[in-house]
$ cat input39.cif   # mmCIF, C-alpha atoms
data_upload
#
loop_
_atom_site.group_PDB
_atom_site.id
_atom_site.type_symbol
_atom_site.label_atom_id
_atom_site.label_comp_id
_atom_site.auth_asym_id
_atom_site.auth_seq_id
_atom_site.Cartn_x
_atom_site.Cartn_y
_atom_site.Cartn_z
ATOM 1 C CA MET A 30 -84.503 -39.176 78.182
ATOM 2 C CA ASN A 31 -87.258 -36.750 79.046
ATOM 3 C CA PHE A 32 -87.150 -34.760 82.275
ATOM 4 C CA ALA A 33 -90.073 -32.916 83.867
ATOM 5 C CA VAL A 34 -88.928 -29.800 85.723
ATOM 6 C CA LEU A 35 -91.649 -28.579 88.067
ATOM 7 C CA GLN A 36 -92.507 -24.914 88.418
ATOM 8 C CA PHE A 37 -94.138 -23.505 91.547
ATOM 9 C CA PRO A 38 -94.913 -19.846 92.124
ATOM 10 C CA ALA A 39 -91.456 -18.388 92.917
ATOM 11 C CA SER A 40 -89.380 -21.345 91.802
ATOM 12 C CA ASN A 41 -86.348 -19.664 90.226
ATOM 13 C CA CYS A 42 -83.894 -22.426 89.350
ATOM 14 C CA ASP A 43 -86.198 -24.185 86.916
ATOM 15 C CA GLN A 44 -84.662 -22.552 83.849
ATOM 16 C CA ASP A 45 -81.131 -23.486 84.919
ATOM 17 C CA ALA A 46 -82.251 -27.082 85.425
ATOM 18 C CA VAL A 47 -83.899 -27.251 81.998
ATOM 19 C CA HIS A 48 -80.828 -25.672 80.400
ATOM 20 C CA ALA A 49 -78.403 -28.050 82.122
ATOM 21 C CA LEU A 50 -80.362 -31.126 81.055
ATOM 22 C CA ARG A 51 -80.720 -29.925 77.468
ATOM 23 C CA ALA A 52 -77.004 -29.089 77.381
ATOM 24 C CA LEU A 53 -76.398 -32.723 78.333
ATOM 25 C CA GLY A 54 -78.394 -33.732 75.283
ATOM 26 C CA HIS A 55 -81.681 -34.671 76.874
ATOM 27 C CA ALA A 56 -85.216 -33.359 76.642
ATOM 28 C CA ALA A 57 -86.487 -31.272 79.530
ATOM 29 C CA ASP A 58 -89.790 -29.456 79.859
ATOM 30 C CA TYR A 59 -91.537 -27.333 82.442
ATOM 31 C CA VAL A 60 -94.531 -28.719 84.317
ATOM 32 C CA TRP A 61 -96.590 -26.034 86.053
ATOM 33 C CA HIS A 62 -97.573 -26.855 89.634
ATOM 34 C CA LYS A 63 -101.279 -26.953 88.831
ATOM 35 C CA GLU A 64 -100.903 -29.655 86.199
ATOM 36 C CA THR A 65 -101.954 -33.159 87.115
ATOM 37 C CA SER A 66 -99.874 -35.015 84.567
ATOM 38 C CA LEU A 67 -96.127 -35.410 84.205
ATOM 39 C CA ARG A 68 -96.686 -36.007 80.465
ATOM 40 C CA GLY A 69 -94.808 -39.277 80.346
ATOM 41 C CA ALA A 70 -91.572 -37.871 81.730
ATOM 42 C CA ASP A 71 -88.843 -40.375 82.612
ATOM 43 C CA ALA A 72 -87.707 -38.418 85.677
ATOM 44 C CA VAL A 73 -88.754 -35.409 87.720
ATOM 45 C CA ILE A 74 -86.643 -32.497 88.925
ATOM 46 C CA VAL A 75 -88.044 -30.357 91.749
ATOM 47 C CA PRO A 76 -86.000 -27.177 91.323
ATOM 48 C CA GLY A 77 -84.692 -24.525 93.679
ATOM 49 C CA GLY A 78 -86.175 -21.159 94.513
ATOM 50 C CA PHE A 79 -88.456 -19.670 97.136
ATOM 51 C CA SER A 80 -91.757 -21.355 96.296
ATOM 52 C CA TYR A 81 -94.665 -19.464 97.853
ATOM 53 C CA GLY A 82 -92.177 -17.015 99.306
ATOM 54 C CA ASP A 83 -91.089 -19.673 101.835
ATOM 55 C CA TYR A 84 -94.253 -18.672 103.704
ATOM 56 C CA LEU A 85 -95.087 -20.685 106.840
ATOM 57 C CA ARG A 86 -92.076 -22.971 106.206
ATOM 58 C CA THR A 87 -89.927 -23.588 103.149
ATOM 59 C CA GLY A 88 -91.747 -25.989 100.866
ATOM 60 C CA ALA A 89 -94.725 -26.298 103.223
ATOM 61 C CA ILE A 90 -97.259 -24.985 100.742
ATOM 62 C CA ALA A 91 -95.713 -26.258 97.489
ATOM 63 C CA ARG A 92 -95.975 -29.824 98.767
ATOM 64 C CA PHE A 93 -99.751 -29.577 98.462
ATOM 65 C CA SER A 94 -99.753 -28.327 94.850
ATOM 66 C CA PRO A 95 -101.797 -30.552 92.492
ATOM 67 C CA VAL A 96 -98.707 -31.733 90.598
ATOM 68 C CA MET A 97 -97.251 -33.178 93.811
ATOM 69 C CA GLN A 98 -99.960 -35.851 93.945
ATOM 70 C CA GLU A 99 -98.719 -37.035 90.585
ATOM 71 C CA VAL A 100 -95.127 -36.887 91.838
ATOM 72 C CA GLN A 101 -96.124 -39.046 94.831
ATOM 73 C CA ARG A 102 -97.697 -41.614 92.476
ATOM 74 C CA PHE A 103 -94.656 -41.482 90.183
ATOM 75 C CA ALA A 104 -92.305 -41.998 93.147
ATOM 76 C CA SER A 105 -94.394 -44.846 94.596
ATOM 77 C CA ALA A 106 -94.067 -46.610 91.261
ATOM 78 C CA GLY A 107 -90.270 -46.247 91.459
ATOM 79 C CA GLY A 108 -89.869 -43.166 89.259
ATOM 80 C CA LEU A 109 -86.715 -41.080 89.738
ATOM 81 C CA VAL A 110 -87.242 -37.748 91.499
ATOM 82 C CA LEU A 111 -84.447 -35.286 92.356
ATOM 83 C CA GLY A 112 -85.117 -32.291 94.599
ATOM 84 C CA ILE A 113 -82.600 -29.430 94.492
ATOM 85 C CA CYS A 114 -82.456 -26.895 97.319
ATOM 86 C CA ASN A 115 -86.094 -25.709 97.685
ATOM 87 C CA GLY A 116 -86.942 -28.934 95.862
ATOM 88 C CA PHE A 117 -85.246 -30.902 98.664
ATOM 89 C CA GLN A 118 -87.258 -28.885 101.189
ATOM 90 C CA ILE A 119 -90.492 -29.624 99.307
ATOM 91 C CA LEU A 120 -89.764 -33.368 99.165
ATOM 92 C CA CYS A 121 -89.060 -33.450 102.922
ATOM 93 C CA GLU A 122 -92.295 -31.584 103.667
ATOM 94 C CA ALA A 123 -94.121 -34.007 101.348
ATOM 95 C CA GLY A 124 -92.768 -36.949 103.323
ATOM 96 C CA LEU A 125 -90.996 -38.316 100.245
ATOM 97 C CA LEU A 126 -87.677 -37.799 102.015
ATOM 98 C CA PRO A 127 -86.845 -38.058 105.731
ATOM 99 C CA GLY A 128 -85.933 -35.154 107.984
ATOM 100 C CA ALA A 129 -86.377 -31.431 107.531
ATOM 101 C CA LEU A 130 -84.336 -28.401 106.514
ATOM 102 C CA ILE A 131 -84.134 -25.506 108.960
ATOM 103 C CA ARG A 132 -82.424 -22.128 109.204
ATOM 104 C CA ASN A 133 -78.640 -22.185 108.757
ATOM 105 C CA ARG A 134 -76.889 -22.416 112.105
ATOM 106 C CA SER A 135 -74.987 -19.196 111.370
ATOM 107 C CA LEU A 136 -78.259 -17.445 110.431
ATOM 108 C CA GLN A 137 -76.392 -16.343 107.307
ATOM 109 C CA PHE A 138 -77.498 -16.938 103.740
ATOM 110 C CA ARG A 139 -74.537 -18.862 102.363
ATOM 111 C CA CYS A 140 -73.763 -18.444 98.709
ATOM 112 C CA GLU A 141 -70.502 -20.170 97.819
ATOM 113 C CA HIS A 142 -68.929 -23.279 96.306
ATOM 114 C CA VAL A 143 -68.632 -26.293 98.568
ATOM 115 C CA PHE A 144 -67.006 -29.698 98.311
ATOM 116 C CA LEU A 145 -69.194 -32.770 98.601
ATOM 117 C CA LYS A 146 -68.096 -36.249 99.549
ATOM 118 C CA THR A 147 -70.298 -38.975 98.075
ATOM 119 C CA ALA A 148 -71.216 -41.246 100.958
ATOM 120 C CA ALA A 149 -72.983 -43.943 98.939
ATOM 121 C CA THR A 150 -72.387 -44.664 95.259
ATOM 122 C CA ASP A 151 -75.135 -47.254 95.038
ATOM 123 C CA SER A 152 -77.995 -45.033 93.963
ATOM 124 C CA PRO A 153 -79.252 -43.697 90.625
ATOM 125 C CA PHE A 154 -77.971 -40.265 91.661
ATOM 126 C CA THR A 155 -74.453 -41.286 92.649
ATOM 127 C CA CYS A 156 -73.636 -44.307 90.497
ATOM 128 C CA ARG A 157 -71.667 -42.229 87.969
ATOM 129 C CA ILE A 158 -69.538 -40.419 90.540
ATOM 130 C CA PRO A 159 -66.041 -41.963 90.514
ATOM 131 C CA PRO A 160 -65.134 -43.330 93.966
ATOM 132 C CA GLY A 161 -63.175 -40.749 95.926
ATOM 133 C CA LYS A 162 -64.061 -37.856 93.642
ATOM 134 C CA LEU A 163 -65.187 -34.747 95.500
ATOM 135 C CA LEU A 164 -67.891 -32.706 93.821
ATOM 136 C CA HIS A 165 -67.309 -28.945 93.652
ATOM 137 C CA ILE A 166 -70.810 -27.453 93.545
ATOM 138 C CA PRO A 167 -72.347 -24.110 94.605
ATOM 139 C CA ILE A 168 -74.855 -23.609 97.380
ATOM 140 C CA ALA A 169 -77.154 -20.644 97.834
ATOM 141 C CA HIS A 170 -79.440 -20.993 100.819
ATOM 142 C CA GLY A 171 -80.488 -19.604 104.159
ATOM 143 C CA GLU A 172 -82.365 -22.683 105.370
ATOM 144 C CA GLY A 173 -80.252 -25.682 104.475
ATOM 145 C CA CYS A 174 -79.504 -27.156 107.876
ATOM 146 C CA PHE A 175 -80.585 -30.805 107.720
ATOM 147 C CA PHE A 176 -82.269 -32.057 110.858
ATOM 148 C CA ALA A 177 -83.696 -35.442 111.796
ATOM 149 C CA GLU A 178 -84.221 -37.204 115.116
ATOM 150 C CA GLU A 179 -81.504 -39.516 116.441
ATOM 151 C CA ALA A 180 -83.437 -42.649 115.473
ATOM 152 C CA THR A 181 -83.897 -41.366 111.924
ATOM 153 C CA LEU A 182 -80.220 -40.457 111.573
ATOM 154 C CA THR A 183 -79.233 -43.918 112.763
ATOM 155 C CA ARG A 184 -81.584 -45.457 110.233
ATOM 156 C CA LEU A 185 -80.235 -43.251 107.430
ATOM 157 C CA GLN A 186 -76.716 -44.342 108.218
ATOM 158 C CA ALA A 187 -77.636 -48.015 108.461
ATOM 159 C CA ASN A 188 -79.550 -47.885 105.181
ATOM 160 C CA ARG A 189 -76.862 -45.864 103.390
ATOM 161 C CA GLN A 190 -79.432 -43.164 102.630
ATOM 162 C CA ILE A 191 -76.957 -40.349 103.191
ATOM 163 C CA LEU A 192 -75.730 -39.596 99.674
ATOM 164 C CA TRP A 193 -73.588 -36.467 100.083
ATOM 165 C CA GLN A 194 -71.817 -34.742 102.954
ATOM 166 C CA TYR A 195 -70.076 -31.374 103.082
ATOM 167 C CA CYS A 196 -66.309 -31.791 103.271
ATOM 168 C CA ALA A 197 -63.082 -29.836 103.091
ATOM 169 C CA ALA A 198 -60.990 -29.700 99.929
ATOM 170 C CA ASN A 199 -59.058 -32.714 101.192
ATOM 171 C CA GLY A 200 -62.211 -34.736 101.748
ATOM 172 C CA GLU A 201 -62.320 -34.440 105.533
ATOM 173 C CA LEU A 202 -65.709 -33.980 107.174
ATOM 174 C CA THR A 203 -65.014 -30.939 109.353
ATOM 175 C CA ASP A 204 -67.242 -28.409 111.095
ATOM 176 C CA ALA A 205 -65.591 -25.621 109.124
ATOM 177 C CA ALA A 206 -66.583 -27.323 105.870
ATOM 178 C CA ASN A 207 -70.225 -27.502 106.968
ATOM 179 C CA PRO A 208 -71.839 -24.301 105.697
ATOM 180 C CA ASN A 209 -75.139 -24.604 107.536
ATOM 181 C CA GLY A 210 -74.820 -26.812 110.625
ATOM 182 C CA SER A 211 -76.477 -29.861 109.041
ATOM 183 C CA LEU A 212 -76.366 -32.879 111.331
ATOM 184 C CA LEU A 213 -73.660 -35.317 110.218
ATOM 185 C CA GLY A 214 -72.737 -32.721 107.574
ATOM 186 C CA ILE A 215 -75.566 -34.036 105.436
ATOM 187 C CA ALA A 216 -75.929 -32.249 102.097
ATOM 188 C CA GLY A 217 -78.250 -34.773 100.492
ATOM 189 C CA VAL A 218 -80.169 -37.974 101.184
ATOM 190 C CA CYS A 219 -82.328 -40.502 99.385
ATOM 191 C CA ASN A 220 -85.401 -42.457 100.419
ATOM 192 C CA GLU A 221 -85.415 -46.138 101.356
ATOM 193 C CA GLY A 222 -86.351 -47.101 97.799
ATOM 194 C CA ARG A 223 -83.359 -45.078 96.545
ATOM 195 C CA ASN A 224 -85.463 -43.554 93.749
ATOM 196 C CA VAL A 225 -86.055 -40.166 95.384
ATOM 197 C CA ALA A 226 -83.176 -37.913 96.399
ATOM 198 C CA GLY A 227 -82.665 -34.357 97.529
ATOM 199 C CA LEU A 228 -79.651 -32.131 98.035
ATOM 200 C CA MET A 229 -79.154 -28.504 99.026
ATOM 201 C CA PRO A 230 -76.303 -27.741 96.556
ATOM 202 C CA HIS A 231 -77.125 -26.903 92.926
ATOM 203 C CA PRO A 232 -75.794 -29.453 90.409
ATOM 204 C CA GLU A 233 -77.529 -27.546 87.591
ATOM 205 C CA ARG A 234 -75.199 -24.618 88.388
ATOM 206 C CA ALA A 235 -72.184 -26.872 87.943
ATOM 207 C CA ALA A 236 -73.122 -28.695 84.771
ATOM 208 C CA GLU A 237 -70.890 -26.919 82.262
ATOM 209 C CA PRO A 238 -67.168 -26.064 82.512
ATOM 210 C CA ILE A 239 -67.889 -22.384 81.809
ATOM 211 C CA LEU A 240 -69.602 -22.221 85.204
ATOM 212 C CA GLY A 241 -66.354 -23.101 86.959
ATOM 213 C CA SER A 242 -67.213 -26.724 87.634
ATOM 214 C CA ASP A 243 -69.128 -29.363 85.739
ATOM 215 C CA ASP A 244 -69.189 -31.888 88.590
ATOM 216 C CA GLY A 245 -72.964 -31.531 88.834
ATOM 217 C CA ARG A 246 -73.170 -33.287 85.495
ATOM 218 C CA LEU A 247 -72.208 -36.535 87.267
ATOM 219 C CA ILE A 248 -75.424 -36.535 89.295
ATOM 220 C CA PHE A 249 -77.599 -36.179 86.191
ATOM 221 C CA ALA A 250 -75.409 -38.764 84.413
ATOM 222 C CA GLY A 251 -76.249 -41.296 87.106
ATOM 223 C CA MET A 252 -79.969 -40.733 86.627
ATOM 224 C CA ILE A 253 -79.648 -41.033 82.860
ATOM 225 C CA ALA A 254 -77.581 -44.221 83.070
ATOM 226 C CA THR A 255 -80.152 -45.738 85.444
ATOM 227 C CA LEU A 256 -83.021 -44.809 83.128
ATOM 228 C CA GLU A 257 -81.182 -46.225 80.122
ATOM 229 C CA ALA A 258 -80.534 -49.495 81.949
ATOM 230 C CA ARG A 259 -84.207 -49.722 82.933
ATOM 231 C CA ARG A 260 -85.243 -49.061 79.359
ATOM 232 C CA ALA A 261 -82.900 -51.772 78.106
ATOM 233 C CA THR A 262 -84.267 -54.251 80.670
ATOM 234 C CA ALA A 263 -87.833 -53.412 79.731
ATOM 235 C CA ALA A 264 -87.094 -53.907 76.047
ATOM 236 C CA ALA A 265 -85.437 -57.285 76.596
ATOM 237 C CA MET B 19 -114.589 -18.677 117.612
ATOM 238 C CA LYS B 20 -110.931 -17.962 117.508
ATOM 239 C CA ALA B 21 -108.085 -20.447 117.512
ATOM 240 C CA LYS B 22 -104.692 -19.378 118.804
ATOM 241 C CA ILE B 23 -101.805 -21.603 117.816
ATOM 242 C CA ILE B 24 -98.274 -21.303 119.114
ATOM 243 C CA ILE B 25 -95.623 -23.204 117.171
ATOM 244 C CA THR B 26 -92.202 -23.667 118.697
ATOM 245 C CA PRO B 27 -89.046 -25.491 117.641
ATOM 246 C CA LYS B 28 -88.640 -28.884 119.305
ATOM 247 C CA LYS B 29 -86.139 -28.993 122.135
ATOM 248 C CA ALA B 30 -83.824 -31.212 120.093
ATOM 249 C CA VAL B 31 -83.647 -28.650 117.301
ATOM 250 C CA VAL B 32 -80.869 -26.095 117.477
ATOM 251 C CA ASP B 33 -82.452 -22.637 117.610
ATOM 252 C CA PRO B 34 -79.882 -20.093 116.444
ATOM 253 C CA GLN B 35 -82.500 -17.368 116.285
ATOM 254 C CA GLY B 36 -83.323 -17.953 119.939
ATOM 255 C CA LYS B 37 -79.653 -17.907 120.853
ATOM 256 C CA THR B 38 -79.060 -14.701 118.922
ATOM 257 C CA VAL B 39 -81.986 -12.981 120.616
ATOM 258 C CA GLN B 40 -80.707 -14.198 123.975
ATOM 259 C CA ASN B 41 -77.276 -12.760 123.260
ATOM 260 C CA ALA B 42 -78.840 -9.467 122.199
ATOM 261 C CA LEU B 43 -80.904 -9.257 125.395
ATOM 262 C CA ALA B 44 -77.750 -9.767 127.440
ATOM 263 C CA TYR B 45 -75.971 -7.112 125.408
ATOM 264 C CA LEU B 46 -78.845 -4.720 126.095
ATOM 265 C CA GLY B 47 -78.377 -5.283 129.797
ATOM 266 C CA TYR B 48 -81.236 -7.642 130.610
ATOM 267 C CA GLN B 49 -79.846 -10.077 133.142
ATOM 268 C CA GLY B 50 -81.014 -13.468 134.240
ATOM 269 C CA VAL B 51 -82.297 -14.612 130.828
ATOM 270 C CA THR B 52 -81.574 -18.328 130.785
ATOM 271 C CA GLU B 53 -83.000 -19.254 127.384
ATOM 272 C CA VAL B 54 -84.946 -17.848 124.430
ATOM 273 C CA HIS B 55 -86.870 -19.750 121.790
ATOM 274 C CA VAL B 56 -88.389 -18.073 118.775
ATOM 275 C CA GLY B 57 -91.590 -19.549 117.393
ATOM 276 C CA LYS B 58 -94.667 -18.660 115.431
ATOM 277 C CA TYR B 59 -98.113 -17.486 116.431
ATOM 278 C CA LEU B 60 -101.187 -18.065 114.296
ATOM 279 C CA GLU B 61 -104.655 -16.646 114.872
ATOM 280 C CA ILE B 62 -107.441 -18.414 113.002
ATOM 281 C CA GLY B 63 -111.016 -17.105 112.961
ATOM 282 C CA LEU B 64 -113.633 -19.851 112.818
ATOM 283 C CA ALA B 65 -117.317 -19.869 111.958
ATOM 284 C CA GLY B 66 -119.641 -22.068 114.039
ATOM 285 C CA ASN B 67 -119.779 -22.748 117.782
ATOM 286 C CA ASP B 68 -118.552 -26.316 118.279
ATOM 287 C CA PRO B 69 -115.142 -26.032 119.959
ATOM 288 C CA ALA B 70 -114.648 -29.804 120.085
ATOM 289 C CA ALA B 71 -115.120 -30.200 116.343
ATOM 290 C CA ALA B 72 -112.923 -27.172 115.712
ATOM 291 C CA ARG B 73 -110.186 -28.618 117.909
ATOM 292 C CA LYS B 74 -110.316 -31.945 116.080
ATOM 293 C CA ALA B 75 -110.056 -30.267 112.691
ATOM 294 C CA LEU B 76 -107.280 -27.904 113.738
ATOM 295 C CA ASP B 77 -105.262 -30.632 115.441
ATOM 296 C CA GLU B 78 -105.263 -32.411 112.111
ATOM 297 C CA ALA B 79 -104.393 -29.190 110.275
ATOM 298 C CA CYS B 80 -101.522 -28.597 112.687
ATOM 299 C CA HIS B 81 -100.105 -32.092 112.208
ATOM 300 C CA ARG B 82 -100.562 -32.014 108.472
ATOM 301 C CA PHE B 83 -99.665 -28.491 107.492
ATOM 302 C CA LEU B 84 -99.465 -25.689 110.010
ATOM 303 C CA SER B 85 -96.562 -27.271 111.870
ATOM 304 C CA ASN B 86 -93.887 -29.743 110.823
ATOM 305 C CA PRO B 87 -93.872 -32.504 113.479
ATOM 306 C CA VAL B 88 -90.250 -33.346 112.632
ATOM 307 C CA ILE B 89 -88.999 -30.008 113.957
ATOM 308 C CA GLU B 90 -91.886 -28.286 115.726
ATOM 309 C CA ASP B 91 -94.317 -28.629 118.608
ATOM 310 C CA TYR B 92 -97.603 -26.755 118.714
ATOM 311 C CA HIS B 93 -100.064 -25.596 121.309
ATOM 312 C CA LEU B 94 -103.673 -25.016 120.316
ATOM 313 C CA ALA B 95 -106.161 -22.912 122.277
ATOM 314 C CA ILE B 96 -109.742 -22.332 121.188
ATOM 315 C CA GLU B 97 -111.883 -19.552 122.544
#

$ encode --input "input39.cif" --output "structure tokens"
Amino acid sequence: MNFAVLQFPASNCDQDAVHALRALGHAADYVWHKETSLRGADAVIVPGGFSYGDYLRTGAIARFSPVMQEVQRFASAGGLVLGICNGFQILCEAGLLPGALIRNRSLQFRCEHVFLKTAATDSPFTCRIPPGKLLHIPIAHGEGCFFAEEATLTRLQANRQILWQYCAANGELTDAANPNGSLLGIAGVCNEGRNVAGLMPHPERAAEPILGSDDGRLIFAGMIATLEARRATAAA
Amino acid sequence: MKAKIIITPKKAVVDPQGKTVQNALAYLGYQGVTEVHVGKYLEIGLAGNDPAAARKALDEACHRFLSNPVIEDYHLAIE
């Protein structure tokens, strides 16, 4: 499979994303934010960083970069898009995902490993996560508190759009396990079409055992399996 | 013309910055402070002299870009 990893001014997790995908045996290439073509990529990764210095609001300016029009088209046609950290923020600002990410409740920049409970395994991003398995993945963010209005949260729950929640080592959803005050402990969500997802933790930093955890691999594996199934269906 | 825009967090949004500033004011001895909210202030210089048209354009800019309607309210004044 061929992944497009976007680059905005001050993205800084693009190289890790490309490396992780190549280490998993797939092609991954950078797409600069001014480009207007995704060059036939099978999936798009919107990586972490501090695009545009987080000026005005995180992701507020990046969402208007030329490449994002192409990402919108790609997503409307059902293409798989995964936003990681700043990428999640950009997708929320772009309206491709619901809600918004605001300053951590503690006002601290939290840089640590967290445990994630997978709340819905029926999505391209979670379909390869064994039921009950907690993902051990690092976070590194100052503005990762997920917020949405009551009505939106209710809808997300009803539609099973909440994909990951912060949890304790034993899987319990506790306040102490929530590193940023996100409502409902939400670490990641998907859109109604289930083809666009975003999460604050960094799966690309947990894609090889040498990094201390390779649980992040399971998220990319889900995308790859979904793409392979689509390819097989198309060929039939 | 000059546009002055004040952007504040919506009431429903937890404002830890505001709370921290409130705590600090109390610590510094300022009594009777019941709440603090921290927002943003933008000043935008505009050519032309049609305030109505400017307001229309900036309202759209505020909804679309300058503020995030999910988490923020804005107040726009044109002079």

$ atom_distance --input "input39.cif" --atom1 "atom CA of A:Glu201" --atom2 "atom CA of A:Ile215"
13.3 Å

$ interface_residues --input "input39.cif" --of "chain B" --to "chain A" --cutoff "8 Å" --atoms "all atoms listed in the file" --output "ChimeraX atom specification"
/B:30-35,83-84,86,88-89

$ atom_distance --input "input39.cif" --atom1 "atom CA of A:Phe117" --atom2 "atom CA of B:Ile23"
27.0 Å

$ residues_around --input "input39.cif" --residues "stretch 70-78 of chain B" --least-positions-apart "6" --cutoff "9 Å" --atoms "all atoms listed in the file" --output "list in words"
Met19, Ala21, Leu64, Leu84, Leu94, Ala95 and Ile96 of chain B

$ write_last_selection --input "input39.cif" --atoms "C-alpha atoms" --output "PDB file, in the frame of the given file"
ATOM      1  CA  MET B  19    -114.589 -18.677 117.612  1.00  0.00           C
ATOM      2  CA  ALA B  21    -108.085 -20.447 117.512  1.00  0.00           C
ATOM      3  CA  LEU B  64    -113.633 -19.851 112.818  1.00  0.00           C
ATOM      4  CA  LEU B  84     -99.465 -25.689 110.010  1.00  0.00           C
ATOM      5  CA  LEU B  94    -103.673 -25.016 120.316  1.00  0.00           C
ATOM      6  CA  ALA B  95    -106.161 -22.912 122.277  1.00  0.00           C
ATOM      7  CA  ILE B  96    -109.742 -22.332 121.188  1.00  0.00           C
TER       8      ILE B  96
END

$ resolve_selection --input "input39.cif" --expression "the PyMOL selection byres ((chain A and resi 206) around 10)" --output "list in words"
Val143, Phe144, Leu145, Gln194, Tyr195, Cys196, Ala197, Ala198, Gly200, Glu201, Leu202, Thr203, Asp204, Ala205, Asn207, Pro208, Asn209, Gly210 and Gly214 of chain A

$ resolve_selection --input "input39.cif" --expression "the PyMOL selection byres ((chain A and resi 63) around 8)" --output "list in words"
Trp61, His62, Glu64, Thr65, Ser94, Pro95 and Val96 of chain A

$ atom_distance --input "input39.cif" --atom1 "atom CA of B:Val54" --atom2 "atom CA of B:Ala42"
10.6 Å

$ resolve_selection --input "input39.cif" --expression "the PyMOL selection byres ((chain A and resi 79) around 8)" --output "ChimeraX atom specification"
/A:39-41,77-78,80-83,87,115

$ write_last_selection --input "input39.cif" --atoms "C-alpha atoms" --output "PDB file, in the frame of the given file"
ATOM      1  CA  ALA A  39     -91.456 -18.388  92.917  1.00  0.00           C
ATOM      2  CA  SER A  40     -89.380 -21.345  91.802  1.00  0.00           C
ATOM      3  CA  ASN A  41     -86.348 -19.664  90.226  1.00  0.00           C
ATOM      4  CA  GLY A  77     -84.692 -24.525  93.679  1.00  0.00           C
ATOM      5  CA  GLY A  78     -86.175 -21.159  94.513  1.00  0.00           C
ATOM      6  CA  SER A  80     -91.757 -21.355  96.296  1.00  0.00           C
ATOM      7  CA  TYR A  81     -94.665 -19.464  97.853  1.00  0.00           C
ATOM      8  CA  GLY A  82     -92.177 -17.015  99.306  1.00  0.00           C
ATOM      9  CA  ASP A  83     -91.089 -19.673 101.835  1.00  0.00           C
ATOM     10  CA  THR A  87     -89.927 -23.588 103.149  1.00  0.00           C
ATOM     11  CA  ASN A 115     -86.094 -25.709  97.685  1.00  0.00           C
TER      12      ASN A 115
END
